[in-house]
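Trainee: Sending over input.pdb (PDB, C-alpha atoms).
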ATOM      1  CA  MET A   7      19.705  22.214   8.160
ATOM      2  CA  ALA A   8      16.103  23.367   8.621
ATOM      3  CA  ARG A   9      13.407  20.780   8.137
ATOM      4  CA  LYS A  10      11.445  20.880   4.904
ATOM      5  CA  THR A  11       8.116  22.646   4.854
ATOM      6  CA  LYS A  12       4.852  20.862   4.163
ATOM      7  CA  GLU A  13       4.763  22.478   0.718
ATOM      8  CA  GLU A  14       8.232  21.145  -0.083
ATOM      9  CA  ILE A  15       7.245  17.677   1.071
ATOM     10  CA  ALA A  16       4.180  17.771  -1.161
ATOM     11  CA  GLU A  17       6.354  18.680  -4.152
ATOM     12  CA  ILE A  18       8.801  15.871  -3.353
ATOM     13  CA  TYR A  19       5.969  13.344  -3.101
ATOM     14  CA  GLN A  20       4.552  14.551  -6.402
ATOM     15  CA  GLN A  21       7.913  13.887  -8.045
ATOM     16  CA  MET A  22       7.955  10.443  -6.424
ATOM     17  CA  GLN A  23       4.634   9.719  -8.111
ATOM     18  CA  ASN A  24       6.313  10.532 -11.446
ATOM     19  CA  HIS A  25       9.220   8.194 -10.696
ATOM     20  CA  ILE A  26       6.990   5.267  -9.767
ATOM     21  CA  CYS A  27       4.681   5.733 -12.770
ATOM     22  CA  GLU A  28       7.627   5.717 -15.147
ATOM     23  CA  GLY A  29       9.005   2.501 -13.653
ATOM     24  CA  ILE A  30       5.696   0.645 -13.686
ATOM     25  CA  ALA A  31       4.831   1.705 -17.238
ATOM     26  CA  ALA A  32       8.236   0.528 -18.441
ATOM     27  CA  ALA A  33       7.810  -2.853 -16.718
ATOM     28  CA  ASP A  34       4.379  -3.385 -18.296
ATOM     29  CA  GLY A  35       5.612  -2.341 -21.724
ATOM     30  CA  LYS A  36       2.195  -1.643 -23.245
ATOM     31  CA  GLY A  37      -0.188   0.288 -21.017
ATOM     32  CA  TYR A  38      -0.238   3.935 -20.079
ATOM     33  CA  PHE A  39      -1.369   6.173 -17.234
ATOM     34  CA  GLU A  40      -4.430   8.343 -17.637
ATOM     35  CA  GLU A  41      -4.182  11.420 -15.434
ATOM     36  CA  ASP A  42      -7.030  13.004 -13.535
ATOM     37  CA  GLN A  43      -6.328  16.249 -11.664
ATOM     38  CA  TRP A  44      -8.896  17.211  -9.062
ATOM     39  CA  ASN A  45      -9.611  19.867  -6.477
ATOM     40  CA  ARG A  46     -11.057  19.464  -2.993
ATOM     41  CA  PRO A  47     -13.637  22.177  -2.209
ATOM     42  CA  GLU A  48     -12.409  22.525   1.391
ATOM     43  CA  GLY A  49      -8.788  22.976   0.286
ATOM     44  CA  GLY A  50      -6.115  21.317  -1.807
ATOM     45  CA  GLY A  51      -6.446  18.555  -4.351
ATOM     46  CA  GLY A  52      -4.526  15.865  -6.095
ATOM     47  CA  ARG A  53      -3.432  14.015  -9.172
ATOM     48  CA  THR A  54      -4.734  10.487  -9.676
ATOM     49  CA  ARG A  55      -3.209   8.314 -12.378
ATOM     50  CA  ILE A  56      -5.009   5.160 -13.507
ATOM     51  CA  PHE A  57      -3.239   2.543 -15.630
ATOM     52  CA  ARG A  58      -5.043   1.648 -18.865
ATOM     53  CA  ASP A  59      -4.746  -1.122 -21.483
ATOM     54  CA  GLY A  60      -1.866  -2.884 -19.786
ATOM     55  CA  ASP A  61      -0.275  -6.128 -20.914
ATOM     56  CA  ILE A  62       0.381  -7.273 -17.321
ATOM     57  CA  ILE A  63      -1.608  -4.840 -15.167
ATOM     58  CA  GLU A  64      -5.404  -5.117 -15.241
ATOM     59  CA  LYS A  65      -6.018  -2.118 -12.982
ATOM     60  CA  GLY A  66      -3.525   0.149 -11.281
ATOM     61  CA  GLY A  67      -3.789   3.438  -9.482
ATOM     62  CA  ILE A  68      -0.984   5.739  -8.342
ATOM     63  CA  ALA A  69      -2.389   8.775  -6.586
ATOM     64  CA  PHE A  70      -0.843  11.927  -5.190
ATOM     65  CA  SER A  71      -2.741  14.312  -2.952
ATOM     66  CA  ALA A  72      -2.114  17.400  -0.847
ATOM     67  CA  VAL A  73      -5.212  18.483   1.053
ATOM     68  CA  HIS A  74      -5.836  20.988   3.821
ATOM     69  CA  GLY A  75      -8.525  22.872   5.670
ATOM     70  CA  PRO A  76     -10.631  22.653   8.813
ATOM     71  CA  THR A  77     -10.136  19.316  10.540
ATOM     72  CA  PRO A  78     -13.290  17.152  10.602
ATOM     73  CA  LYS A  79     -14.758  16.540  14.053
ATOM     74  CA  LYS A  80     -14.105  12.769  13.873
ATOM     75  CA  ILE A  81     -10.379  13.361  13.432
ATOM     76  CA  LEU A  82     -10.242  16.113  16.034
ATOM     77  CA  ALA A  83     -11.808  13.715  18.517
ATOM     78  CA  LYS A  84      -9.207  11.057  17.726
ATOM     79  CA  LEU A  85      -6.446  13.616  18.300
ATOM     80  CA  GLY A  86      -7.987  14.951  21.489
ATOM     81  CA  LEU A  87      -8.444  18.417  19.965
ATOM     82  CA  THR A  88     -11.416  20.720  19.646
ATOM     83  CA  GLU A  89     -10.349  22.834  16.666
ATOM     84  CA  GLY A  90      -7.587  23.473  14.151
ATOM     85  CA  ASP A  91      -6.683  23.107  10.476
ATOM     86  CA  PHE A  92      -4.805  20.153   9.021
ATOM     87  CA  PHE A  93      -2.518  19.446   6.074
ATOM     88  CA  ALA A  94      -1.973  15.987   4.605
ATOM     89  CA  THR A  95       0.032  14.881   1.587
ATOM     90  CA  GLY A  96       1.130  11.550   0.248
ATOM     91  CA  VAL A  97       1.309   8.954  -2.486
ATOM     92  CA  SER A  98      -0.907   5.887  -2.478
ATOM     93  CA  ILE A  99      -0.648   2.908  -4.815
ATOM     94  CA  VAL A 100      -2.617  -0.260  -5.481
ATOM     95  CA  ILE A 101      -2.006  -2.540  -8.461
ATOM     96  CA  HIS A 102      -4.164  -5.496  -9.529
ATOM     97  CA  PRO A 103      -2.499  -7.703 -12.155
ATOM     98  CA  LYS A 104      -4.239  -9.741 -14.838
ATOM     99  CA  SER A 105      -2.408 -12.931 -13.886
ATOM    100  CA  PRO A 106      -3.315 -14.673 -10.619
ATOM    101  CA  MET A 107       0.340 -15.675 -10.390
ATOM    102  CA  ILE A 108       1.377 -12.038  -9.836
ATOM    103  CA  PRO A 109       0.545 -10.546  -6.423
ATOM    104  CA  ILE A 110      -1.533  -7.501  -5.620
ATOM    105  CA  ILE A 111       0.662  -4.778  -4.159
ATOM    106  CA  HIS A 112      -0.086  -1.695  -2.079
ATOM    107  CA  MET A 113       2.102   1.157  -0.908
ATOM    108  CA  ASN A 114       1.439   4.419   0.882
ATOM    109  CA  ILE A 115       3.732   7.185   2.103
ATOM    110  CA  ARG A 116       2.192  10.187   3.808
ATOM    111  CA  TYR A 117       2.807  13.258   5.923
ATOM    112  CA  PHE A 118       0.269  14.880   8.257
ATOM    113  CA  GLU A 119       0.516  18.215  10.057
ATOM    114  CA  MET A 120      -1.781  20.246  12.302
ATOM    115  CA  GLU A 121      -1.579  24.020  12.531
ATOM    116  CA  ASN A 122      -0.472  23.714  16.169
ATOM    117  CA  GLY A 123       2.716  21.946  15.032
ATOM    118  CA  VAL A 124       1.685  18.349  15.720
ATOM    119  CA  HIS A 125       2.921  16.253  12.800
ATOM    120  CA  TRP A 126       3.829  12.741  11.808
ATOM    121  CA  PHE A 127       4.870  10.437   8.999
ATOM    122  CA  GLY A 128       3.151   7.197   8.114
ATOM    123  CA  GLY A 129       3.181   4.605   5.407
ATOM    124  CA  GLY A 130       4.144   1.123   4.432
ATOM    125  CA  ILE A 131       4.155  -1.456   1.700
ATOM    126  CA  ASP A 132       2.503  -4.863   1.677
ATOM    127  CA  LEU A 133       2.019  -7.760  -0.713
ATOM    128  CA  THR A 134      -1.128  -9.801  -1.272
ATOM    129  CA  PRO A 135      -0.361 -12.869  -3.389
ATOM    130  CA  HIS A 136      -3.276 -14.818  -4.816
ATOM    131  CA  TYR A 137      -0.906 -17.779  -4.444
ATOM    132  CA  ILE A 138       1.687 -17.660  -1.697
ATOM    133  CA  VAL A 139       5.111 -18.815  -2.901
ATOM    134  CA  PRO A 140       7.721 -18.864  -0.101
ATOM    135  CA  GLU A 141      10.595 -17.802  -2.363
ATOM    136  CA  ASP A 142       8.625 -14.786  -3.579
ATOM    137  CA  ALA A 143       7.709 -13.879  -0.009
ATOM    138  CA  THR A 144      11.330 -14.132   1.096
ATOM    139  CA  PHE A 145      12.474 -11.885  -1.770
ATOM    140  CA  PHE A 146       9.931  -9.244  -0.761
ATOM    141  CA  HIS A 147      10.800  -9.237   2.931
ATOM    142  CA  GLU A 148      14.556  -9.269   2.278
ATOM    143  CA  LYS A 149      14.195  -6.119   0.171
ATOM    144  CA  LEU A 150      12.185  -4.443   2.911
ATOM    145  CA  LYS A 151      14.630  -5.384   5.652
ATOM    146  CA  THR A 152      17.608  -4.126   3.650
ATOM    147  CA  THR A 153      15.878  -0.786   3.139
ATOM    148  CA  CYS A 154      14.767  -0.503   6.769
ATOM    149  CA  ASP A 155      18.229  -1.338   8.101
ATOM    150  CA  LYS A 156      19.719   1.647   6.287
ATOM    151  CA  PHE A 157      17.714   3.915   8.585
ATOM    152  CA  ASP A 158      17.225   1.988  11.819
ATOM    153  CA  SER A 159      18.118  -1.619  12.666
ATOM    154  CA  GLY A 160      14.899  -1.922  14.653
ATOM    155  CA  TYR A 161      12.542  -0.718  11.950
ATOM    156  CA  TYR A 162      11.976  -4.001  10.113
ATOM    157  CA  ASP A 163      10.964  -6.156  13.078
ATOM    158  CA  ARG A 164       8.846  -3.391  14.557
ATOM    159  CA  PHE A 165       7.101  -2.405  11.342
ATOM    160  CA  LYS A 166       6.715  -5.992  10.126
ATOM    161  CA  SER A 167       4.829  -6.872  13.301
ATOM    162  CA  TRP A 168       2.771  -3.693  12.913
ATOM    163  CA  ALA A 169       1.849  -4.744   9.350
ATOM    164  CA  ASP A 170       0.821  -8.230  10.487
ATOM    165  CA  ASP A 171      -1.543  -6.659  13.008
ATOM    166  CA  TYR A 172      -2.814  -3.948  10.681
ATOM    167  CA  PHE A 173      -3.411  -5.948   7.500
ATOM    168  CA  PHE A 174      -5.573  -8.466   9.325
ATOM    169  CA  ILE A 175      -9.134  -9.306   8.324
ATOM    170  CA  LYS A 176     -10.569  -9.766  11.787
ATOM    171  CA  HIS A 177     -13.920 -11.171  10.734
ATOM    172  CA  ARG A 178     -12.105 -13.855   8.682
ATOM    173  CA  ASN A 179      -9.278 -14.414  11.176
ATOM    174  CA  GLU A 180      -6.729 -14.210   8.377
ATOM    175  CA  THR A 181      -4.127 -11.765   7.126
ATOM    176  CA  ARG A 182      -4.726  -9.932   3.866
ATOM    177  CA  GLY A 183      -1.552 -11.419   2.421
ATOM    178  CA  ILE A 184       2.071 -11.898   3.479
ATOM    179  CA  GLY A 185       2.281  -8.493   5.116
ATOM    180  CA  GLY A 186       5.241  -6.207   4.697
ATOM    181  CA  ILE A 187       5.878  -3.140   6.822
ATOM    182  CA  PHE A 188       3.488  -0.559   8.230
ATOM    183  CA  TYR A 189       4.103   2.497  10.410
ATOM    184  CA  ASP A 190       2.012   5.420  11.554
ATOM    185  CA  ARG A 191       2.254   8.597  13.607
ATOM    186  CA  LEU A 192       6.052   8.730  13.658
ATOM    187  CA  GLU A 193       6.722  12.208  15.023
ATOM    188  CA  ALA A 194      10.159  13.745  14.613
ATOM    189  CA  THR A 195      12.095  14.684  17.737
ATOM    190  CA  SER A 196      14.566  16.939  15.904
ATOM    191  CA  ASP A 197      15.176  18.440  12.475
ATOM    192  CA  ALA A 198      17.638  15.641  11.688
ATOM    193  CA  HIS A 199      15.111  13.029  12.731
ATOM    194  CA  PHE A 200      12.479  14.766  10.585
ATOM    195  CA  GLU A 201      14.715  14.513   7.507
ATOM    196  CA  ASN A 202      15.486  10.879   8.337
ATOM    197  CA  LEU A 203      11.795   9.979   8.454
ATOM    198  CA  LEU A 204      11.193  11.797   5.166
ATOM    199  CA  GLU A 205      14.110  10.026   3.500
ATOM    200  CA  PHE A 206      12.860   6.682   4.788
ATOM    201  CA  SER A 207       9.511   7.256   3.107
ATOM    202  CA  LEU A 208      11.274   8.196  -0.135
ATOM    203  CA  ALA A 209      13.435   5.068   0.023
ATOM    204  CA  LEU A 210      10.249   2.990   0.124
ATOM    205  CA  GLY A 211       8.951   4.900  -2.874
ATOM    206  CA  ARG A 212      12.101   4.184  -4.859
ATOM    207  CA  LEU A 213      11.926   0.534  -3.848
ATOM    208  CA  PHE A 214       8.391   0.084  -5.158
ATOM    209  CA  PRO A 215       9.055  -0.157  -8.931
ATOM    210  CA  GLU A 216      12.086  -2.349  -8.268
ATOM    211  CA  ILE A 217      10.079  -4.875  -6.284
ATOM    212  CA  TYR A 218       6.973  -4.933  -8.419
ATOM    213  CA  GLY A 219       8.933  -4.833 -11.657
ATOM    214  CA  HIS A 220      10.576  -8.062 -10.498
ATOM    215  CA  TYR A 221       7.230  -9.834 -10.052
ATOM    216  CA  MET A 222       5.882  -8.426 -13.319
ATOM    217  CA  ARG A 223       8.820  -9.791 -15.293
ATOM    218  CA  GLN A 224       9.147 -13.119 -13.492
ATOM    219  CA  ASN A 225       5.594 -14.208 -12.688
ATOM    220  CA  SER A 226       3.893 -13.016 -15.868
ATOM    221  CA  GLN A 227       5.497 -16.002 -17.623
ATOM    222  CA  ILE A 228       3.737 -18.578 -15.401
ATOM    223  CA  GLN A 229       0.815 -20.384 -17.050
ATOM    224  CA  TYR A 230      -2.614 -20.481 -15.414
ATOM    225  CA  GLY A 231      -6.183 -21.559 -16.150
ATOM    226  CA  ASP A 232      -9.784 -21.153 -15.056
ATOM    227  CA  LEU A 233      -9.180 -22.576 -11.575
ATOM    228  CA  GLU A 234      -6.474 -20.004 -10.852
ATOM    229  CA  LYS A 235      -8.615 -17.138 -12.199
ATOM    230  CA  SER A 236     -11.540 -18.232 -10.032
ATOM    231  CA  TRP A 237      -9.287 -18.317  -6.968
ATOM    232  CA  GLN A 238      -7.888 -14.902  -7.861
ATOM    233  CA  ASN A 239     -11.377 -13.404  -7.827
ATOM    234  CA  LEU A 240     -12.149 -14.965  -4.441
ATOM    235  CA  ARG A 241      -8.935 -13.512  -2.988
ATOM    236  CA  ARG A 242      -9.811 -10.157  -4.517
ATOM    237  CA  GLY A 243     -13.052 -10.355  -2.587
ATOM    238  CA  ARG A 244     -11.087 -10.610   0.652
ATOM    239  CA  TYR A 245      -9.092  -7.561  -0.437
ATOM    240  CA  VAL A 246     -12.301  -5.597  -0.871
ATOM    241  CA  GLU A 247     -13.544  -6.694   2.552
ATOM    242  CA  PHE A 248     -10.426  -5.396   4.281
ATOM    243  CA  ASN A 249     -10.366  -2.079   2.460
ATOM    244  CA  LEU A 250     -14.014  -1.279   3.081
ATOM    245  CA  VAL A 251     -14.293  -2.559   6.639
ATOM    246  CA  TRP A 252     -10.901  -2.078   8.305
ATOM    247  CA  ASP A 253      -8.609   0.200   6.301
ATOM    248  CA  ALA A 254      -7.817   3.454   8.150
ATOM    249  CA  GLY A 255      -6.797   5.236   4.946
ATOM    250  CA  THR A 256     -10.194   4.631   3.392
ATOM    251  CA  LYS A 257     -11.910   5.890   6.538
ATOM    252  CA  PHE A 258      -9.650   8.981   6.696
ATOM    253  CA  GLY A 259     -10.388   9.844   3.082
ATOM    254  CA  LEU A 260     -14.125   9.541   3.550
ATOM    255  CA  ASP A 261     -14.072  11.374   6.902
ATOM    256  CA  THR A 262     -12.231  14.327   5.330
ATOM    257  CA  ASN A 263     -14.681  14.511   2.429
ATOM    258  CA  GLY A 264     -12.022  13.210   0.088
ATOM    259  CA  ARG A 265     -12.596  12.353  -3.542
ATOM    260  CA  THR A 266     -14.487   9.063  -3.610
ATOM    261  CA  GLU A 267     -13.127   7.899  -6.979
ATOM    262  CA  SER A 268      -9.544   8.294  -5.775
ATOM    263  CA  ILE A 269     -10.235   6.763  -2.354
ATOM    264  CA  LEU A 270     -11.794   3.663  -3.911
ATOM    265  CA  MET A 271      -9.251   3.241  -6.711
ATOM    266  CA  SER A 272      -7.905   0.336  -4.627
ATOM    267  CA  MET A 273     -10.890  -1.817  -5.547
ATOM    268  CA  PRO A 274     -10.170  -4.651  -8.018
ATOM    269  CA  PRO A 275     -11.934  -4.595 -11.397
ATOM    270  CA  VAL A 276     -13.665  -7.923 -10.651
ATOM    271  CA  ALA A 277     -14.176  -9.835  -7.394
ATOM    272  CA  ASN A 278     -16.264 -12.834  -6.349
ATOM    273  CA  TRP A 279     -17.858 -14.135  -3.172
ATOM    274  CA  GLU A 280     -18.771 -17.815  -3.084
ATOM    275  CA  TYR A 281     -20.840 -19.108  -0.192
ATOM    276  CA  MET A 282     -18.891 -21.485   2.094
ATOM    277  CA  HIS A 283     -16.065 -21.986  -0.382
ATOM    278  CA  GLU A 284     -13.690 -24.766   0.643
ATOM    279  CA  VAL A 285     -10.277 -25.447  -0.849
ATOM    280  CA  GLU A 286      -8.974 -28.884  -1.794
ATOM    281  CA  GLU A 287      -6.562 -30.451   0.677
ATOM    282  CA  ASN A 288      -2.860 -30.190  -0.255
ATOM    283  CA  SER A 289      -3.605 -27.848  -3.162
ATOM    284  CA  PRO A 290      -1.803 -24.546  -3.852
ATOM    285  CA  GLU A 291      -4.989 -22.813  -2.739
ATOM    286  CA  HIS A 292      -4.912 -24.764   0.537
ATOM    287  CA  PHE A 293      -1.252 -23.827   1.072
ATOM    288  CA  THR A 294      -2.118 -20.160   0.592
ATOM    289  CA  GLN A 295      -5.086 -20.328   2.946
ATOM    290  CA  GLU A 296      -2.975 -22.004   5.634
ATOM    291  CA  HIS A 297      -0.313 -19.282   5.441
ATOM    292  CA  LEU A 298      -2.546 -16.250   5.871
ATOM    293  CA  LYS A 299      -1.308 -15.904   9.433
ATOM    294  CA  LYS A 300       0.515 -13.385  11.559
ATOM    295  CA  GLY A 301       4.084 -13.839  12.712
ATOM    296  CA  ILE A 302       5.519 -15.932   9.868
ATOM    297  CA  ASP A 303       9.267 -15.341   9.487
ATOM    298  CA  TRP A 304       9.389 -14.991   5.718
ATOM    299  CA  LEU A 305      13.079 -14.072   5.781
ATOM    300  CA  SER A 306      14.009 -17.647   6.611
ATOM    301  CA  TYR A 307      10.881 -19.586   5.649
ATOM    302  CA  SER A 308      12.035 -20.788   2.226
ATOM    303  CA  LYS A 309      15.354 -21.868   3.707
ATOM    304  CA  ASN A 310      13.742 -23.986   6.409
ATOM    305  CA  ASP A 311      10.857 -25.629   4.538
TER     306      ASP A 311
END
Starting from the file, give its structure as structure tokens.
Mentor:
Amino acid sequence: MARKTKEEIAEIYQQMQNHICEGIAAADGKGYFEEDQWNRPEGGGGRTRIFRDGDIIEKGGIAFSAVHGPTPKKILAKLGLTEGDFFATGVSIVIHPKSPMIPIIHMNIRYFEMENGVHWFGGGIDLTPHYIVPEDATFFHEKLKTTCDKFDSGYYDRFKSWADDYFFIKHRNETRGIGGIFYDRLEATSDAHFENLLEFSLALGRLFPEIYGHYMRQNSQIQYGDLEKSWQNLRRGRYVEFNLVWDAGTKFGLDTNGRTESILMSMPPVANWEYMHEVEENSPEHFTQEHLKKGIDWLSYSKND
């Protein structure tokens, strides 16, 4: 079987955007997606969908793009090339809930190809709870491991470690959340391997509404007050710091003259920064702060503690 073309992959990813939007809208039960189709002057475009008037979701973005054209010099330098056109397509998602008891979630699946044949897949999914709850973390990582194991028994450990390193706020010496999986520049060695990598990315896409629908249904029932909302806005501030300072996807979008509104859809609607904020000892906020670390085995954590 011949590998799929970049145009076919773009169409498949566009359909995946539809699937995820339908699942998230159904889980919220009230809000709707507002669609914004856009064109990139240098080539290609996309379809950004922003969630409005939700019952559970305060701000959500699910974006599809397929862009192409001359490769910017910054990216050529990173690839060790002097010239050539590129093609990139993918789906990117960030959801900020109203309740601080529901986590922020991010997912990205993408395909990149140069005109000289160099290509790769990348992506991942990670969770950023405002309040870390071990049982919720275990549920998330079990789902990821089950999905990874269907494709390669080594994927979960490898990509989980990669996520811990990637989603790390270096200037704070803390992780963005409880991690997940992250992978980049996976180049196919055969047509069969190419299809396997594509199917892996699609499996993550199908998993997304299942995982987040679970948290939307379960955690939206938990009561909270002003303290929890204040903490939520502080944690959102950390999210902003990572995305603007360290996130490679943000940098790629800006370096390729991408659409700023779509690139920055990941920003929360409200975020706070409080000078020298300190959490109370033995509080839920303290527990969360103490567990923003690399290398935690969330698969067994709730069973051992």
Trainee: Please write as a ChimeraX atom specification the full residue list that the PyMOL selection byres ((chain A and resi 198-204) around 12) yields on this file.
Mentor: /A:7-12,14-16,18-19,96,115-118,125-129,154,156-158,161,189-197,205-211
Trainee: Pick the closest to Met107 in chain A from A:Leu82, A:Ile62, A:Leu250, A:Val124: which is it, counting all atoms listed in the file?
Mentor: A:Ile62
Trainee: Which residues match the PyMOL selection byres ((chain A and resi 180) around 9) in the file above, as a CSV table (one decimal) with C-alpha atoms, in the frame of the given file?
Mentor:
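Saved result, selection.csv, follows:
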chain,number,residue,atom,x,y,z
A,173,PHE,CA,-3.4,-5.9,7.5
A,174,PHE,CA,-5.6,-8.5,9.3
A,175,ILE,CA,-9.1,-9.3,8.3
A,176,LYS,CA,-10.6,-9.8,11.8
A,177,HIS,CA,-13.9,-11.2,10.7
A,178,ARG,CA,-12.1,-13.9,8.7
A,179,ASN,CA,-9.3,-14.4,11.2
A,181,THR,CA,-4.1,-11.8,7.1
A,182,ARG,CA,-4.7,-9.9,3.9
A,183,GLY,CA,-1.6,-11.4,2.4
A,295,GLN,CA,-5.1,-20.3,2.9
A,297,HIS,CA,-0.3,-19.3,5.4
A,298,LEU,CA,-2.5,-16.2,5.9
A,299,LYS,CA,-1.3,-15.9,9.4
A,300,LYS,CA,0.5,-13.4,11.6
Trainee: As a check of understanding, name the residues that the PyMOL selection byres ((chain A and resi 65) around 12) selects in the supplied structure, as a ChimeraX atom specification.
Mentor: /A:34,37-40,55-64,66-68,99-105,110-111,271-276
Trainee: Pick out the closest residue to Ile217 in chain A from this set: A:Thr266, A:Ser167, A:Thr144, A:Asn249. Count all atoms listed in the file.
Mentor: A:Thr144
Trainee: Quick one: of A:Trp304, A:Trp44, A:Phe248, A:Tyr230, who's nearest to Ala69 in chain A, counting all atoms listed in the file?
Mentor: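 Between A:Trp304, A:Trp44, A:Phe248, A:Tyr230, the residue approaching Ala69 in chain A most closely is A:Trp44.
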Trainee: How many Å lie between CA of Ser71 in chain A and CA of Ile30 in chain A, rounded to one decimal?
Mentor: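 Rounded to one decimal, the two atoms are 19.3 Å apart.
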Trainee: Using only C-alpha atoms, pick whichever of A:Leu260, A:Leu240, A:Val97, A:Met282 has the shortest atom-to-atom distance to Tyr137 in chain A.
Mentor: A:Leu240
Trainee: Which residues, protein or nucleic acid, reach to within 12 Å of (8.8, -9.6, -12.4) in the file's coordinates when using only C-alpha atoms, and can you give that as a PyMOL selection string?
Mentor: chain A and resi 30+32-34+62-63+103+105+107-109+142+145-146+215-228
Trainee: Deliver the residues from the most recent selection as a file, using C-alpha atoms, as a PDB file, in the frame of the given file.
Mentor:
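And here is the file that came out, part-v8.pdb:
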ATOM      1  CA  ILE A  30       5.696   0.645 -13.686  1.00  0.00           C
ATOM      2  CA  ALA A  32       8.236   0.528 -18.441  1.00  0.00           C
ATOM      3  CA  ALA A  33       7.810  -2.853 -16.718  1.00  0.00           C
ATOM      4  CA  ASP A  34       4.379  -3.385 -18.296  1.00  0.00           C
ATOM      5  CA  ILE A  62       0.381  -7.273 -17.321  1.00  0.00           C
ATOM      6  CA  ILE A  63      -1.608  -4.840 -15.167  1.00  0.00           C
ATOM      7  CA  PRO A 103      -2.499  -7.703 -12.155  1.00  0.00           C
ATOM      8  CA  SER A 105      -2.408 -12.931 -13.886  1.00  0.00           C
ATOM      9  CA  MET A 107       0.340 -15.675 -10.390  1.00  0.00           C
ATOM     10  CA  ILE A 108       1.377 -12.038  -9.836  1.00  0.00           C
ATOM     11  CA  PRO A 109       0.545 -10.546  -6.423  1.00  0.00           C
ATOM     12  CA  ASP A 142       8.625 -14.786  -3.579  1.00  0.00           C
ATOM     13  CA  PHE A 145      12.474 -11.885  -1.770  1.00  0.00           C
ATOM     14  CA  PHE A 146       9.931  -9.244  -0.761  1.00  0.00           C
ATOM     15  CA  PRO A 215       9.055  -0.157  -8.931  1.00  0.00           C
ATOM     16  CA  GLU A 216      12.086  -2.349  -8.268  1.00  0.00           C
ATOM     17  CA  ILE A 217      10.079  -4.875  -6.284  1.00  0.00           C
ATOM     18  CA  TYR A 218       6.973  -4.933  -8.419  1.00  0.00           C
ATOM     19  CA  GLY A 219       8.933  -4.833 -11.657  1.00  0.00           C
ATOM     20  CA  HIS A 220      10.576  -8.062 -10.498  1.00  0.00           C
ATOM     21  CA  TYR A 221       7.230  -9.834 -10.052  1.00  0.00           C
ATOM     22  CA  MET A 222       5.882  -8.426 -13.319  1.00  0.00           C
ATOM     23  CA  ARG A 223       8.820  -9.791 -15.293  1.00  0.00           C
ATOM     24  CA  GLN A 224       9.147 -13.119 -13.492  1.00  0.00           C
ATOM     25  CA  ASN A 225       5.594 -14.208 -12.688  1.00  0.00           C
ATOM     26  CA  SER A 226       3.893 -13.016 -15.868  1.00  0.00           C
ATOM     27  CA  GLN A 227       5.497 -16.002 -17.623  1.00  0.00           C
ATOM     28  CA  ILE A 228       3.737 -18.578 -15.401  1.00  0.00           C
TER      29      ILE A 228
END
Trainee: Draw an axis-aligned box over all listed atoms of range 198-213 of chain A, pad each side with 4 Å, and write its centre and edge lengths in Å, one decimal, as lines of an AutoDock Vina configuration file.
Mentor:
center_x = 13.3
center_y = 8.1
center_z = 3.9
size_x = 16.7
size_y = 23.1
size_z = 25.6
Trainee: List as number ranges by chain the protein and nucleic acid residues near Gly49 in chain A, meaning an atom at most 6 Å away when all atoms listed in the file are counted, but skip any in the same chain fewer than 4 places from it.
Mentor: A: 73-75
Trainee: Could you state the separation of CA of His147 in chain A and CA of Arg164 in chain A in Å, given to one decimal place?
Mentor: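 Distance between the two atoms: 13.2 Å.
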Trainee: Using only C-alpha atoms, determine which residues lie at most 9 Å from Thr262 in chain A, disregarding the query and same-chain residues fewer than 4 positions distant; provide the list as a ChimeraX atom specification.
Mentor: /A:77-78,80-81,257-258
